[in-house]
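Heads up, upload.txt below (compact mmCIF, C-alpha atoms):
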# COMPACT_ATOMS: atom_id res chain seq x y z
CA MET A 110 -129.75 156.95 5.44
CA ASN A 111 -131.35 156.34 2.05
CA LEU A 112 -134.75 155.89 3.67
CA TYR A 113 -134.40 159.22 5.48
CA VAL A 114 -133.63 160.90 2.15
CA GLU A 115 -136.67 159.25 0.58
CA MET A 116 -138.77 160.66 3.46
CA GLY A 117 -137.61 164.24 2.86
CA ILE A 118 -134.59 164.63 5.15
CA SER A 119 -131.40 165.68 3.40
CA GLU A 120 -128.07 164.00 4.02
CA LYS A 121 -126.73 167.28 5.43
CA VAL A 122 -129.52 167.51 8.04
CA TYR A 123 -129.15 163.83 8.91
CA ASP A 124 -125.40 164.16 9.47
CA TYR A 125 -125.93 167.28 11.60
CA GLY A 126 -128.28 165.25 13.78
CA GLU A 127 -125.89 162.31 14.08
CA LYS A 128 -123.13 164.57 15.38
CA ALA A 129 -125.49 165.88 18.08
CA ILE A 130 -126.55 162.37 19.09
CA LYS A 131 -122.93 161.31 19.53
CA LYS A 132 -122.48 163.99 22.18
CA LEU A 133 -125.65 162.94 24.02
CA GLU A 134 -124.81 159.29 24.74
CA ASP A 135 -123.99 159.86 28.42
CA ARG A 136 -127.16 161.91 29.04
CA PHE A 137 -129.29 159.30 27.31
CA ALA A 138 -127.75 156.62 29.55
CA VAL A 139 -128.84 158.55 32.65
CA ILE A 140 -132.39 158.82 31.28
CA ASP A 141 -132.44 155.07 30.70
CA LYS A 142 -131.47 154.44 34.34
CA ILE A 143 -134.32 156.66 35.56
CA ALA A 144 -136.71 154.78 33.27
CA GLU A 145 -135.45 151.47 34.66
CA TYR A 146 -136.14 152.63 38.22
CA ASN A 147 -139.62 153.93 37.38
CA GLN A 148 -140.42 150.76 35.43
CA ALA A 149 -139.62 148.71 38.52
CA LYS A 150 -141.77 151.04 40.64
CA VAL A 151 -144.81 150.55 38.38
CA LEU A 152 -144.23 146.80 38.14
CA ALA A 153 -143.97 146.49 41.93
CA ALA A 154 -147.27 148.35 42.38
CA MET A 155 -149.04 146.10 39.88
CA GLN A 156 -147.69 142.96 41.51
CA LYS A 157 -148.54 144.17 45.01
CA ASN A 158 -152.14 144.82 43.95
CA LYS A 159 -152.42 141.45 42.16
CA VAL A 160 -153.40 142.78 38.74
CA SER A 161 -155.06 139.94 36.84
CA ALA A 162 -157.16 139.35 33.73
CA VAL A 163 -160.23 139.96 35.88
CA CYS A 164 -159.15 143.61 36.10
CA PHE A 165 -159.58 144.01 32.35
CA ALA A 166 -163.29 143.18 32.26
CA ALA A 167 -165.56 145.89 30.86
CA THR A 168 -168.28 147.49 32.95
CA THR A 169 -171.19 149.68 31.89
CA GLY A 170 -173.94 151.73 33.44
CA TYR A 171 -173.29 152.71 37.03
CA GLY A 172 -170.08 150.70 37.20
CA TYR A 173 -170.77 149.36 40.68
CA ASP A 174 -168.16 146.92 42.02
CA ASP A 175 -165.75 147.65 39.17
CA VAL A 176 -162.78 145.56 40.31
CA GLY A 177 -160.41 146.72 37.58
CA ARG A 178 -161.18 150.42 38.04
CA ASP A 179 -160.77 150.28 41.82
CA ASN A 180 -157.55 148.27 41.58
CA LEU A 181 -156.05 150.66 39.01
CA GLU A 182 -156.60 153.47 41.49
CA ARG A 183 -154.73 151.49 44.15
CA VAL A 184 -151.87 150.98 41.68
CA TYR A 185 -151.68 154.73 41.00
CA ALA A 186 -151.78 155.52 44.71
CA ASP A 187 -148.89 153.14 45.36
CA VAL A 188 -146.77 154.50 42.50
CA PHE A 189 -147.34 158.11 43.61
CA HIS A 190 -147.08 157.17 47.30
CA THR A 191 -150.42 158.70 48.21
CA GLU A 192 -153.33 157.62 50.38
CA ALA A 193 -155.80 157.53 47.50
CA ALA A 194 -156.25 158.07 43.79
CA LEU A 195 -159.02 158.91 41.34
CA VAL A 196 -158.25 157.56 37.84
CA ARG A 197 -161.20 157.84 35.48
CA PRO A 198 -162.01 157.92 31.77
CA GLN A 199 -164.83 160.32 32.74
CA ILE A 200 -162.09 162.96 33.27
CA THR A 201 -161.80 164.33 29.75
CA CYS A 202 -158.42 166.10 29.88
CA GLY A 203 -155.81 167.64 32.15
CA THR A 204 -157.72 170.91 32.48
CA HIS A 205 -160.80 168.94 33.55
CA ALA A 206 -158.79 167.04 36.17
CA LEU A 207 -157.43 170.30 37.56
CA THR A 208 -160.91 171.83 37.56
CA VAL A 209 -162.29 168.89 39.52
CA ALA A 210 -159.47 169.11 42.07
CA LEU A 211 -159.85 172.86 42.54
CA SER A 212 -163.64 173.08 42.62
CA ALA A 213 -163.88 170.11 44.99
CA ASN A 214 -161.53 171.60 47.56
CA LEU A 215 -162.38 175.30 47.40
CA LEU A 216 -165.56 176.83 48.84
CA PRO A 217 -167.09 180.31 48.50
CA GLY A 218 -164.95 182.76 50.46
CA ASP A 219 -161.76 180.72 50.01
CA GLU A 220 -158.76 182.07 48.14
CA LEU A 221 -156.58 180.27 45.60
CA LEU A 222 -152.92 181.27 45.39
CA SER A 223 -150.49 180.65 42.54
CA PRO A 224 -146.94 181.35 43.77
CA VAL A 225 -145.46 180.57 40.33
CA GLY A 226 -147.06 183.28 38.24
CA LEU A 227 -149.85 183.05 35.71
CA PRO A 228 -151.28 179.54 35.21
CA TYR A 229 -151.59 177.81 31.84
CA ASP A 230 -153.99 179.43 29.38
CA THR A 231 -156.88 176.98 29.72
CA LEU A 232 -156.83 177.21 33.53
CA GLN A 233 -157.24 180.99 33.46
CA GLU A 234 -160.92 180.69 32.53
CA VAL A 235 -161.41 177.96 35.12
CA ILE A 236 -160.14 180.31 37.81
CA GLY A 237 -161.83 183.39 36.41
CA ILE A 238 -158.72 185.36 35.51
CA ARG A 239 -160.39 185.58 32.13
CA GLN A 240 -164.14 185.76 32.56
CA SER A 241 -166.03 182.55 31.83
CA PRO A 242 -169.33 180.98 32.94
CA CYS A 243 -168.98 178.59 35.89
CA SER A 244 -165.50 179.83 36.83
CA LEU A 245 -164.30 179.63 40.42
CA ALA A 246 -164.66 183.42 40.61
CA GLU A 247 -168.39 183.10 39.83
CA TYR A 248 -168.73 180.82 42.84
CA GLY A 249 -167.02 183.25 45.20
CA VAL A 250 -163.47 181.91 45.18
CA SER A 251 -160.91 184.71 45.01
CA TYR A 252 -157.52 184.42 43.36
CA ARG A 253 -154.10 185.84 44.05
CA GLN A 254 -150.76 185.22 42.36
CA VAL A 255 -147.11 185.94 43.02
CA ASP A 256 -144.95 186.23 39.94
CA LEU A 257 -141.58 184.58 39.68
CA LEU A 258 -138.47 186.70 40.06
CA ASP A 259 -136.62 187.78 36.93
CA ASP A 260 -134.28 184.80 37.20
CA GLY A 261 -137.19 182.35 37.28
CA THR A 262 -136.95 181.57 41.00
CA PHE A 263 -139.64 181.85 43.65
CA ASP A 264 -140.36 185.21 45.27
CA TYR A 265 -140.43 183.96 48.85
CA ASP A 266 -141.01 187.41 50.35
CA GLY A 267 -143.93 187.97 48.02
CA ILE A 268 -145.37 184.54 48.80
CA ARG A 269 -145.13 185.15 52.54
CA ALA A 270 -147.02 188.40 52.12
CA ALA A 271 -149.68 186.82 49.90
CA ILE A 272 -150.64 183.93 52.20
CA ASN A 273 -153.46 185.05 54.48
CA GLU A 274 -156.40 183.73 56.50
CA LYS A 275 -158.43 183.15 53.31
CA THR A 276 -155.72 181.15 51.53
CA LYS A 277 -157.16 177.64 51.28
CA LEU A 278 -155.29 176.08 48.38
CA ILE A 279 -151.98 176.73 46.62
CA THR A 280 -151.59 175.61 43.01
CA ILE A 281 -148.14 174.92 41.58
CA GLN A 282 -147.70 174.33 37.87
CA ARG A 283 -144.70 172.07 37.45
CA SER A 284 -144.20 172.51 33.72
CA LYS A 285 -143.75 175.78 31.86
CA GLY A 286 -146.98 175.67 29.86
CA TYR A 287 -146.95 178.38 27.19
CA ALA A 288 -144.28 180.36 29.03
CA THR A 289 -140.54 180.41 28.57
CA ARG A 290 -139.69 179.94 32.20
CA PRO A 291 -137.89 176.95 33.71
CA THR A 292 -139.81 173.83 34.63
CA PHE A 293 -139.46 173.16 38.34
CA SER A 294 -137.70 170.09 39.66
CA VAL A 295 -139.45 167.97 42.26
CA ALA A 296 -136.84 169.14 44.79
CA GLN A 297 -137.68 172.80 44.06
CA ILE A 298 -141.38 172.07 44.40
CA GLY A 299 -140.70 170.37 47.73
CA GLU A 300 -138.88 173.44 49.01
CA LEU A 301 -141.77 175.68 47.95
CA ILE A 302 -144.35 173.41 49.59
CA ALA A 303 -142.36 173.29 52.83
CA PHE A 304 -142.09 177.09 52.84
CA CYS A 305 -145.82 177.59 52.27
CA LYS A 306 -146.79 175.07 54.94
CA SER A 307 -144.36 176.64 57.43
CA ILE A 308 -146.44 179.83 57.10
CA LYS A 309 -149.84 178.11 57.08
CA PRO A 310 -149.63 174.41 58.03
CA ASP A 311 -153.22 173.56 57.06
CA VAL A 312 -153.03 175.04 53.55
CA LEU A 313 -153.63 172.53 50.75
CA VAL A 314 -151.13 172.26 47.92
CA MET A 315 -152.05 170.95 44.47
CA VAL A 316 -149.39 170.32 41.82
CA ASP A 317 -150.26 170.35 38.14
CA ASN A 318 -148.04 167.40 37.23
CA CYS A 319 -148.75 167.39 33.48
CA TYR A 320 -145.72 166.52 31.33
CA GLY A 321 -143.58 165.73 34.40
CA GLU A 322 -144.54 162.20 35.43
CA PHE A 323 -141.64 159.70 35.39
CA VAL A 324 -139.03 162.24 34.27
CA GLU A 325 -137.52 161.94 37.76
CA THR A 326 -137.51 159.05 40.23
CA ILE A 327 -139.77 160.95 42.65
CA GLU A 328 -143.00 162.89 42.19
CA PRO A 329 -144.38 166.01 43.94
CA SER A 330 -146.51 163.74 46.15
CA ASP A 331 -143.20 162.49 47.63
CA VAL A 332 -142.34 166.01 48.82
CA GLY A 333 -145.53 167.16 50.51
CA ALA A 334 -148.13 167.83 47.81
CA ASP A 335 -151.69 167.11 48.98
CA MET A 336 -152.75 166.43 45.38
CA VAL A 337 -150.90 165.70 42.14
CA VAL A 338 -153.01 165.98 39.01
CA GLY A 339 -152.52 165.03 35.38
CA SER A 340 -153.87 163.72 32.10
CA LEU A 341 -153.76 160.14 30.87
CA ILE A 342 -153.16 161.24 27.28
CA LYS A 343 -149.87 162.70 28.43
CA ASN A 344 -147.10 160.83 30.27
CA PRO A 345 -148.90 158.27 32.46
CA GLY A 346 -151.10 156.90 29.68
CA GLY A 347 -148.06 155.67 27.79
CA GLY A 348 -149.70 156.50 24.47
CA LEU A 349 -152.34 153.79 24.90
CA ALA A 350 -154.88 155.52 27.13
CA PRO A 351 -157.53 157.00 24.81
CA ILE A 352 -158.89 159.42 27.42
CA GLY A 353 -158.79 160.10 31.15
CA GLY A 354 -157.15 161.91 34.01
CA TYR A 355 -155.88 161.22 37.49
CA ILE A 356 -155.83 162.88 40.89
CA CYS A 357 -153.58 161.29 43.53
CA GLY A 358 -153.42 162.61 47.06
CA THR A 359 -154.79 162.51 50.56
CA SER A 360 -157.93 160.51 51.19
CA ALA A 361 -159.80 163.66 52.21
CA CYS A 362 -158.89 165.58 49.03
CA VAL A 363 -159.46 162.67 46.65
CA SER A 364 -162.81 161.81 48.25
CA ARG A 365 -164.05 165.34 47.65
CA CYS A 366 -162.79 165.15 44.05
CA ALA A 367 -164.79 161.97 43.50
CA PHE A 368 -167.94 163.63 44.83
CA ARG A 369 -167.36 166.60 42.53
CA LEU A 370 -166.70 164.40 39.48
CA SER A 371 -169.83 162.28 39.97
CA ALA A 372 -172.27 163.56 42.61
CA PRO A 373 -172.45 164.10 46.36
CA GLY A 374 -173.21 160.78 48.00
CA LEU A 375 -171.97 158.75 45.02
CA GLY A 376 -168.27 159.53 44.74
CA GLN A 377 -166.00 156.71 43.61
CA GLU A 378 -168.75 154.08 43.71
CA VAL A 379 -169.93 154.99 40.20
CA GLY A 380 -168.23 155.36 36.86
CA ALA A 381 -168.06 152.43 34.43
CA ASN A 382 -164.74 151.68 32.73
CA LEU A 383 -166.40 151.03 29.33
CA GLY A 384 -163.79 148.44 28.37
CA LEU A 385 -160.80 150.76 28.65
CA MET A 386 -158.97 148.95 31.45
CA PRO A 387 -156.46 147.04 29.28
CA SER A 388 -155.31 150.32 27.67
CA LEU A 389 -155.13 152.16 30.99
CA TYR A 390 -153.15 149.41 32.73
CA GLN A 391 -150.82 148.67 29.83
CA GLY A 392 -150.28 152.34 29.07
CA PHE A 393 -149.28 153.00 32.68
CA PHE A 394 -146.95 149.99 32.53
CA LEU A 395 -145.24 151.33 29.40
CA ALA A 396 -145.18 154.96 30.55
CA PRO A 397 -141.65 155.06 32.06
CA THR A 398 -139.97 153.95 28.83
CA VAL A 399 -142.26 156.07 26.64
CA VAL A 400 -141.46 159.14 28.76
CA ALA A 401 -137.74 158.37 28.42
CA SER A 402 -138.09 158.37 24.62
CA ALA A 403 -139.92 161.70 24.69
CA GLU A 404 -137.31 163.23 26.97
CA LYS A 405 -134.51 162.14 24.65
CA GLY A 406 -136.36 163.78 21.78
CA ALA A 407 -136.66 167.04 23.70
CA ILE A 408 -132.95 167.09 24.52
CA PHE A 409 -132.11 166.29 20.90
CA ALA A 410 -134.27 169.21 19.75
CA ALA A 411 -132.42 171.66 21.99
CA ASN A 412 -129.07 170.37 20.80
CA LEU A 413 -130.07 170.84 17.16
CA TYR A 414 -131.67 174.27 17.41
CA GLU A 415 -129.55 176.08 20.03
CA PRO A 416 -126.30 175.95 17.99
CA LEU A 417 -128.26 177.55 15.12
CA GLY A 418 -128.98 180.63 17.25
CA PHE A 419 -132.44 179.83 18.59
CA ARG A 420 -133.13 180.26 22.30
CA CYS A 421 -134.19 176.96 23.83
CA VAL A 422 -135.87 176.42 27.21
CA PRO A 423 -134.37 174.35 28.75
CA ASN A 424 -131.11 174.99 26.96
CA ALA A 425 -129.00 172.25 25.42
CA THR A 426 -127.19 171.32 28.64
CA GLU A 427 -129.62 172.07 31.49
CA SER A 428 -131.16 169.32 33.61
CA ARG A 429 -134.72 168.41 32.59
CA HIS A 430 -137.87 168.03 34.65
CA ASP A 431 -140.55 167.55 31.99
CA ILE A 432 -140.81 166.40 28.37
CA ILE A 433 -141.46 169.80 26.81
CA GLN A 434 -138.88 171.62 24.73
CA ALA A 435 -139.57 175.26 23.97
CA VAL A 436 -137.80 176.76 20.96
CA GLU A 437 -138.14 180.49 20.31
CA LEU A 438 -138.39 180.77 16.53
CA GLY A 439 -138.94 184.53 16.33
CA SER A 440 -141.77 184.58 13.83
CA GLU A 441 -145.11 183.08 12.89
CA GLU A 442 -143.48 181.76 9.71
CA GLY A 443 -140.92 179.88 11.79
CA MET A 444 -143.62 178.29 13.95
CA ILE A 445 -145.56 177.19 10.87
CA ALA A 446 -142.48 175.69 9.19
CA PHE A 447 -141.46 173.83 12.36
CA CYS A 448 -144.95 172.45 12.87
CA LYS A 449 -145.17 171.40 9.21
CA GLY A 450 -142.14 169.20 9.83
CA ILE A 451 -143.64 167.58 12.91
CA GLN A 452 -146.93 166.97 11.10
CA ALA A 453 -145.17 165.50 8.07
CA ALA A 454 -143.34 163.07 10.38
CA ALA A 455 -146.57 161.75 11.93
CA PRO A 456 -147.96 158.25 11.34
CA VAL A 457 -151.47 159.72 11.18
CA ASP A 458 -152.54 162.72 9.04
CA SER A 459 -148.99 163.26 7.78
CA PHE A 460 -150.49 164.83 4.65
CA ALA A 461 -152.24 167.61 6.61
CA THR A 462 -150.90 171.16 6.89
CA PRO A 463 -151.07 172.74 10.37
CA LEU A 464 -152.16 176.38 10.48
CA PRO A 465 -152.92 178.79 13.35
CA TRP A 466 -156.58 178.91 14.42
CA GLU A 467 -158.89 179.98 17.23
CA MET A 468 -159.11 177.26 19.89
CA PRO A 469 -161.46 177.07 22.89
CA GLY A 470 -159.76 178.03 26.14
CA TYR A 471 -157.01 180.12 24.51
CA ASN A 472 -156.75 183.88 24.12
CA ASP A 473 -154.49 183.80 21.05
CA LYS A 474 -154.52 181.81 17.85
CA VAL A 475 -152.73 178.49 18.38
CA ILE A 476 -150.94 176.25 15.93
CA MET A 477 -150.89 172.54 16.67
CA ALA A 478 -149.13 169.73 14.85
CA ALA A 479 -150.11 166.26 15.96
CA GLY A 480 -150.72 163.25 13.80
CA ALA A 481 -151.67 161.06 16.72
CA PHE A 482 -153.41 157.76 17.31
CA VAL A 483 -155.21 159.51 20.19
CA GLN A 484 -156.51 162.99 19.40
CA GLY A 485 -154.56 165.63 21.32
CA SER A 486 -152.21 163.11 22.91
CA SER A 487 -149.20 165.12 24.04
CA ILE A 488 -147.10 162.05 24.75
CA GLU A 489 -147.20 161.33 21.02
CA LEU A 490 -145.02 163.38 18.69
CA SER A 491 -146.49 166.88 18.65
CA ALA A 492 -145.69 170.58 18.64
CA ASP A 493 -147.83 173.59 19.35
CA GLY A 494 -147.78 177.15 20.55
CA PRO A 495 -149.71 180.44 20.69
CA ILE A 496 -149.08 182.94 17.92
CA ARG A 497 -147.57 185.67 20.06
CA PRO A 498 -144.04 186.90 20.86
CA PRO A 499 -141.51 185.39 21.31
CA TYR A 500 -143.14 182.95 18.85
CA ALA A 501 -142.05 179.90 20.78
CA VAL A 502 -143.06 176.44 19.66
CA TYR A 503 -143.45 173.75 22.32
CA PHE A 504 -142.29 170.35 21.16
CA GLN A 505 -143.13 167.22 23.12
CA GLY A 506 -143.67 163.53 22.89
CA GLY A 507 -142.59 160.66 20.74
CA LEU A 508 -143.75 157.16 21.67
CA THR A 509 -140.32 155.97 20.59
CA TRP A 510 -137.02 157.82 20.57
CA HIS A 511 -136.48 157.06 16.89
CA HIS A 512 -139.79 158.68 15.95
CA ALA A 513 -138.96 161.76 18.02
CA LYS A 514 -135.60 161.94 16.25
CA HIS A 515 -137.27 161.71 12.84
CA GLY A 516 -139.74 164.48 13.72
CA ILE A 517 -137.09 166.92 14.90
CA LEU A 518 -134.91 166.31 11.86
CA LEU A 519 -137.88 166.92 9.56
CA SER A 520 -138.83 170.10 11.45
CA LEU A 521 -135.33 171.42 10.82
CA GLN A 522 -135.55 170.39 7.17
CA LYS A 523 -138.78 172.38 6.76
CA MET A 524 -137.14 175.41 8.39
CA ILE A 525 -134.25 175.15 5.91
CA ASP A 526 -136.59 174.67 2.97
CA ALA A 527 -138.47 177.82 4.00
CA GLY A 528 -135.21 179.80 4.03
CA LEU A 529 -135.45 180.48 7.76
CA VAL A 530 -132.20 178.80 8.79
CA LYS A 531 -128.95 177.58 7.24
CA LEU A 532 -126.65 174.78 8.35
As structure tokens:
Amino acid sequence: MNLYVEMGISEKVYDYGEKAIKKLEDRFAVIDKIAEYNQAKVLAAMQKNKVSAVCFAATTGYGYDDVGRDNLERVYADVFHTEAALVRPQITCGTHALTVALSANLLPGDELLSPVGLPYDTLQEVIGIRQSPCSLAEYGVSYRQVDLLDDGTFDYDGIRAAINEKTKLITIQRSKGYATRPTFSVAQIGELIAFCKSIKPDVLVMVDNCYGEFVETIEPSDVGADMVVGSLIKNPGGGLAPIGGYICGTSACVSRCAFRLSAPGLGQEVGANLGLMPSLYQGFFLAPTVVASAEKGAIFAANLYEPLGFRCVPNATESRHDIIQAVELGSEEGMIAFCKGIQAAAPVDSFATPLPWEMPGYNDKVIMAAGAFVQGSSIELSADGPIRPPYAVYFQGGLTWHHAKHGILLSLQKMIDAGLVKL
């Protein structure tokens, strides 16, 4: 306790947190069991594919015959139960991975459908919802969306009406992004996929899996998704991957993605690993337990802030399907104070002060707090959000549960210090 006080957390805030933790023991035990299952799943895939020290060798240039790279993709395919996988450091972020998957599998005259409302901010320019050079719209791909119903569920009648002869690919965003809607469970996603394919059996379905990997024992690829897509500096990188993204899915879809990422005729044959294989393998191995720590932190955050009158999505008792905790703080000042606490709790750049600023790919100013070993790593302790009503901050990450706990306590302390909340 004394060390917490020395690091800026009052005894009153610490005790408030301890009372919340006491009530969460049973939920944390369930999370640990899910992590145990997913750990065994990853271990089994690595053993099946005979991961060895040879897989960690660095390659440069074209990257021909890269044993470690090719084997890592087999490991990912086995864990996600797909025919193929593309796992590359040349994929710069989650938005890039999604762009590759979409542009590879949509042609001029095709239509993209989102049956879950507006996609995440950075994907809107990719699609062409907000005008941008090289968007899908510029290349003749049209877009249609069906908003969620007021209760956050799927508008099945609207989806049925929206699917037509041009509908080639359906994109489903698993996590909430910068919205305060529920994150979808894998079971819900499976029901939506089955419904869409009952109307048009040959339609492709891509799931943006960012922030959701390893939160459950199954993934969207287990319930009919043709592609699941994500970033290695989120859940599956385990905090060790310094860059990269993945696309797991059918051989036909993944093959096209590889051609789009590199060049027609080259595909998966090229792409050197540049010495990153140890981090990518070990990060994936650690990911189930790292994700469990982050999920505990998110639940802890909801159980601290909701009793103080702040709307939390998910709320303090709801089941969870990603690592993100949205807290509606009601003002820009609240977002800044919260993010100051997260930044002050970081192992890197703890002395910095986060402020809202213009960021590429976003339509509003965004505040981001992240003192991370890997820049922008959302599996590390971080918080961010657009400066717009309802002034929600999106907290995620924590490589260890104890660090996530420390960050949330310090965020609350900063809110109290700013006079924005009282215990």
Counting only C-alpha atoms, what is within 12 Å of range 384-388 of chain A, bar same-chain residues fewer than 6 positions away, as an mmCIF file with C-alpha atoms, keeping the file's coordinate frame?
data_model
loop_
_atom_site.group_PDB
_atom_site.id
_atom_site.type_symbol
_atom_site.label_atom_id
_atom_site.label_comp_id
_atom_site.auth_asym_id
_atom_site.auth_seq_id
_atom_site.Cartn_x
_atom_site.Cartn_y
_atom_site.Cartn_z
ATOM 1 C CA VAL A 160 -153.400 142.780 38.740
ATOM 2 C CA SER A 161 -155.060 139.940 36.840
ATOM 3 C CA ALA A 162 -157.160 139.350 33.730
ATOM 4 C CA VAL A 163 -160.230 139.960 35.880
ATOM 5 C CA CYS A 164 -159.150 143.610 36.100
ATOM 6 C CA PHE A 165 -159.580 144.010 32.350
ATOM 7 C CA ALA A 166 -163.290 143.180 32.260
ATOM 8 C CA ALA A 167 -165.560 145.890 30.860
ATOM 9 C CA THR A 168 -168.280 147.490 32.950
ATOM 10 C CA THR A 169 -171.190 149.680 31.890
ATOM 11 C CA GLY A 170 -173.940 151.730 33.440
ATOM 12 C CA GLY A 172 -170.080 150.700 37.200
ATOM 13 C CA ASP A 175 -165.750 147.650 39.170
ATOM 14 C CA VAL A 176 -162.780 145.560 40.310
ATOM 15 C CA GLY A 177 -160.410 146.720 37.580
ATOM 16 C CA ARG A 178 -161.180 150.420 38.040
ATOM 17 C CA ASP A 179 -160.770 150.280 41.820
ATOM 18 C CA ASN A 180 -157.550 148.270 41.580
ATOM 19 C CA LEU A 181 -156.050 150.660 39.010
ATOM 20 C CA GLU A 182 -156.600 153.470 41.490
ATOM 21 C CA VAL A 196 -158.250 157.560 37.840
ATOM 22 C CA ARG A 197 -161.200 157.840 35.480
ATOM 23 C CA PRO A 198 -162.010 157.920 31.770
ATOM 24 C CA GLN A 199 -164.830 160.320 32.740
ATOM 25 C CA LEU A 341 -153.760 160.140 30.870
ATOM 26 C CA ILE A 342 -153.160 161.240 27.280
ATOM 27 C CA PRO A 345 -148.900 158.270 32.460
ATOM 28 C CA GLY A 346 -151.100 156.900 29.680
ATOM 29 C CA GLY A 347 -148.060 155.670 27.790
ATOM 30 C CA GLY A 348 -149.700 156.500 24.470
ATOM 31 C CA LEU A 349 -152.340 153.790 24.900
ATOM 32 C CA ALA A 350 -154.880 155.520 27.130
ATOM 33 C CA PRO A 351 -157.530 157.000 24.810
ATOM 34 C CA ILE A 352 -158.890 159.420 27.420
ATOM 35 C CA GLY A 353 -158.790 160.100 31.150
ATOM 36 C CA PHE A 394 -146.950 149.990 32.530
ATOM 37 C CA LEU A 395 -145.240 151.330 29.400
ATOM 38 C CA ALA A 396 -145.180 154.960 30.550
ATOM 39 C CA VAL A 483 -155.210 159.510 20.190
#
Query raised in the report: Could you tell me, as a PyMOL selection string, which residues have any atom at most 12 Å from (-141.9, 156.4, 33.9), counting only C-alpha atoms?
Result: chain A and resi 140-152+188-189+320-328+343-347+392-404+431-432+488
Query raised in the report: Interatomic distance between CA of Ile118 in chain A and CA of Ala492 in chain A?
Result: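 Taking CA of Ile118 in chain A and CA of Ala492 in chain A, their separation equals 18.5 Å.
In this structure, CA of Val475 in chain A sits 9.0 Å away from CA of Arg497 in chain A.
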**Report entry** Computed interatomic separation between CA of Ala193 in chain A and CA of Ile272 in chain A (Å)
**Finding:**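 Those two atoms sit 27.3 Å apart.
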**Report entry** Given all atoms listed in the file as the counted atoms, nearest of A:Ile268, A:Ile281, A:Leu216, A:Ala194 to Ser307 in chain A
**Finding:** A:Ile268
So which residues touch range 515-528 of chain A within 8 Å, counting only C-alpha atoms, skipping near sequence neighbours fewer than 6 positions away, as a PDB file with C-alpha atoms, keeping the file's coordinate frame?
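Contents of out_36.pdb, freshly written:
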ATOM      1  CA  GLY A 117    -137.610 164.240   2.860  1.00  0.00           C
ATOM      2  CA  ILE A 118    -134.590 164.630   5.150  1.00  0.00           C
ATOM      3  CA  SER A 119    -131.400 165.680   3.400  1.00  0.00           C
ATOM      4  CA  VAL A 122    -129.520 167.510   8.040  1.00  0.00           C
ATOM      5  CA  TYR A 123    -129.150 163.830   8.910  1.00  0.00           C
ATOM      6  CA  GLY A 126    -128.280 165.250  13.780  1.00  0.00           C
ATOM      7  CA  GLY A 406    -136.360 163.780  21.780  1.00  0.00           C
ATOM      8  CA  PHE A 409    -132.110 166.290  20.900  1.00  0.00           C
ATOM      9  CA  ALA A 410    -134.270 169.210  19.750  1.00  0.00           C
ATOM     10  CA  GLY A 443    -140.920 179.880  11.790  1.00  0.00           C
ATOM     11  CA  ALA A 446    -142.480 175.690   9.190  1.00  0.00           C
ATOM     12  CA  PHE A 447    -141.460 173.830  12.360  1.00  0.00           C
ATOM     13  CA  CYS A 448    -144.950 172.450  12.870  1.00  0.00           C
ATOM     14  CA  LYS A 449    -145.170 171.400   9.210  1.00  0.00           C
ATOM     15  CA  GLY A 450    -142.140 169.200   9.830  1.00  0.00           C
ATOM     16  CA  ILE A 451    -143.640 167.580  12.910  1.00  0.00           C
ATOM     17  CA  ALA A 453    -145.170 165.500   8.070  1.00  0.00           C
ATOM     18  CA  ALA A 454    -143.340 163.070  10.380  1.00  0.00           C
ATOM     19  CA  ALA A 455    -146.570 161.750  11.930  1.00  0.00           C
ATOM     20  CA  LEU A 490    -145.020 163.380  18.690  1.00  0.00           C
TER      21      LEU A 490
END
Query raised in the report: For Ile298 in chain A, which of A:Gln282, A:Ser360, A:Asn214, A:Ser428 is the closest residue, counting only C-alpha atoms?
Result: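 Answer, going by the shortest atom-to-atom distance: A:Gln282.
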Query raised in the report: For Gln434 in chain A, which residue out of A:Leu417, A:Ala154, A:Ala501, A:Val139 is the nearest one, using all atoms listed in the file?
Result: A:Ala501
Report task. Find, counting all atoms listed in the file, the residue in A:Asp331, A:Asp256, A:Glu441, A:Asp317 that gets nearest to Ala186 in chain A. Result -> A:Asp331
Query - Spatial neighbours of Val502 in chain A, max dist 7 Å, all atoms listed in the file, sep filter under 4 positions, as an MDAnalysis selection string - result: chainID A and resid 435:437 444 492:494
Would you fill out range 255-260 of chain A with N, CA and C atoms and return it as a compact mmCIF listing (two decimals), in the frame of the given file?
# COMPACT_ATOMS: atom_id res chain seq x y z
N VAL A 255 -148.42 185.32 42.81
CA VAL A 255 -147.11 185.94 43.02
C VAL A 255 -146.25 185.54 41.83
N ASP A 256 -145.77 186.52 41.11
CA ASP A 256 -144.95 186.23 39.94
C ASP A 256 -143.57 185.74 40.35
N LEU A 257 -142.95 185.01 39.46
CA LEU A 257 -141.58 184.58 39.68
C LEU A 257 -140.65 185.78 39.58
N LEU A 258 -139.49 185.66 40.20
CA LEU A 258 -138.47 186.70 40.06
C LEU A 258 -137.90 186.66 38.65
N ASP A 259 -137.14 187.67 38.30
CA ASP A 259 -136.62 187.78 36.93
C ASP A 259 -135.76 186.59 36.54
N ASP A 260 -135.14 185.95 37.51
CA ASP A 260 -134.28 184.80 37.20
C ASP A 260 -135.04 183.47 37.20
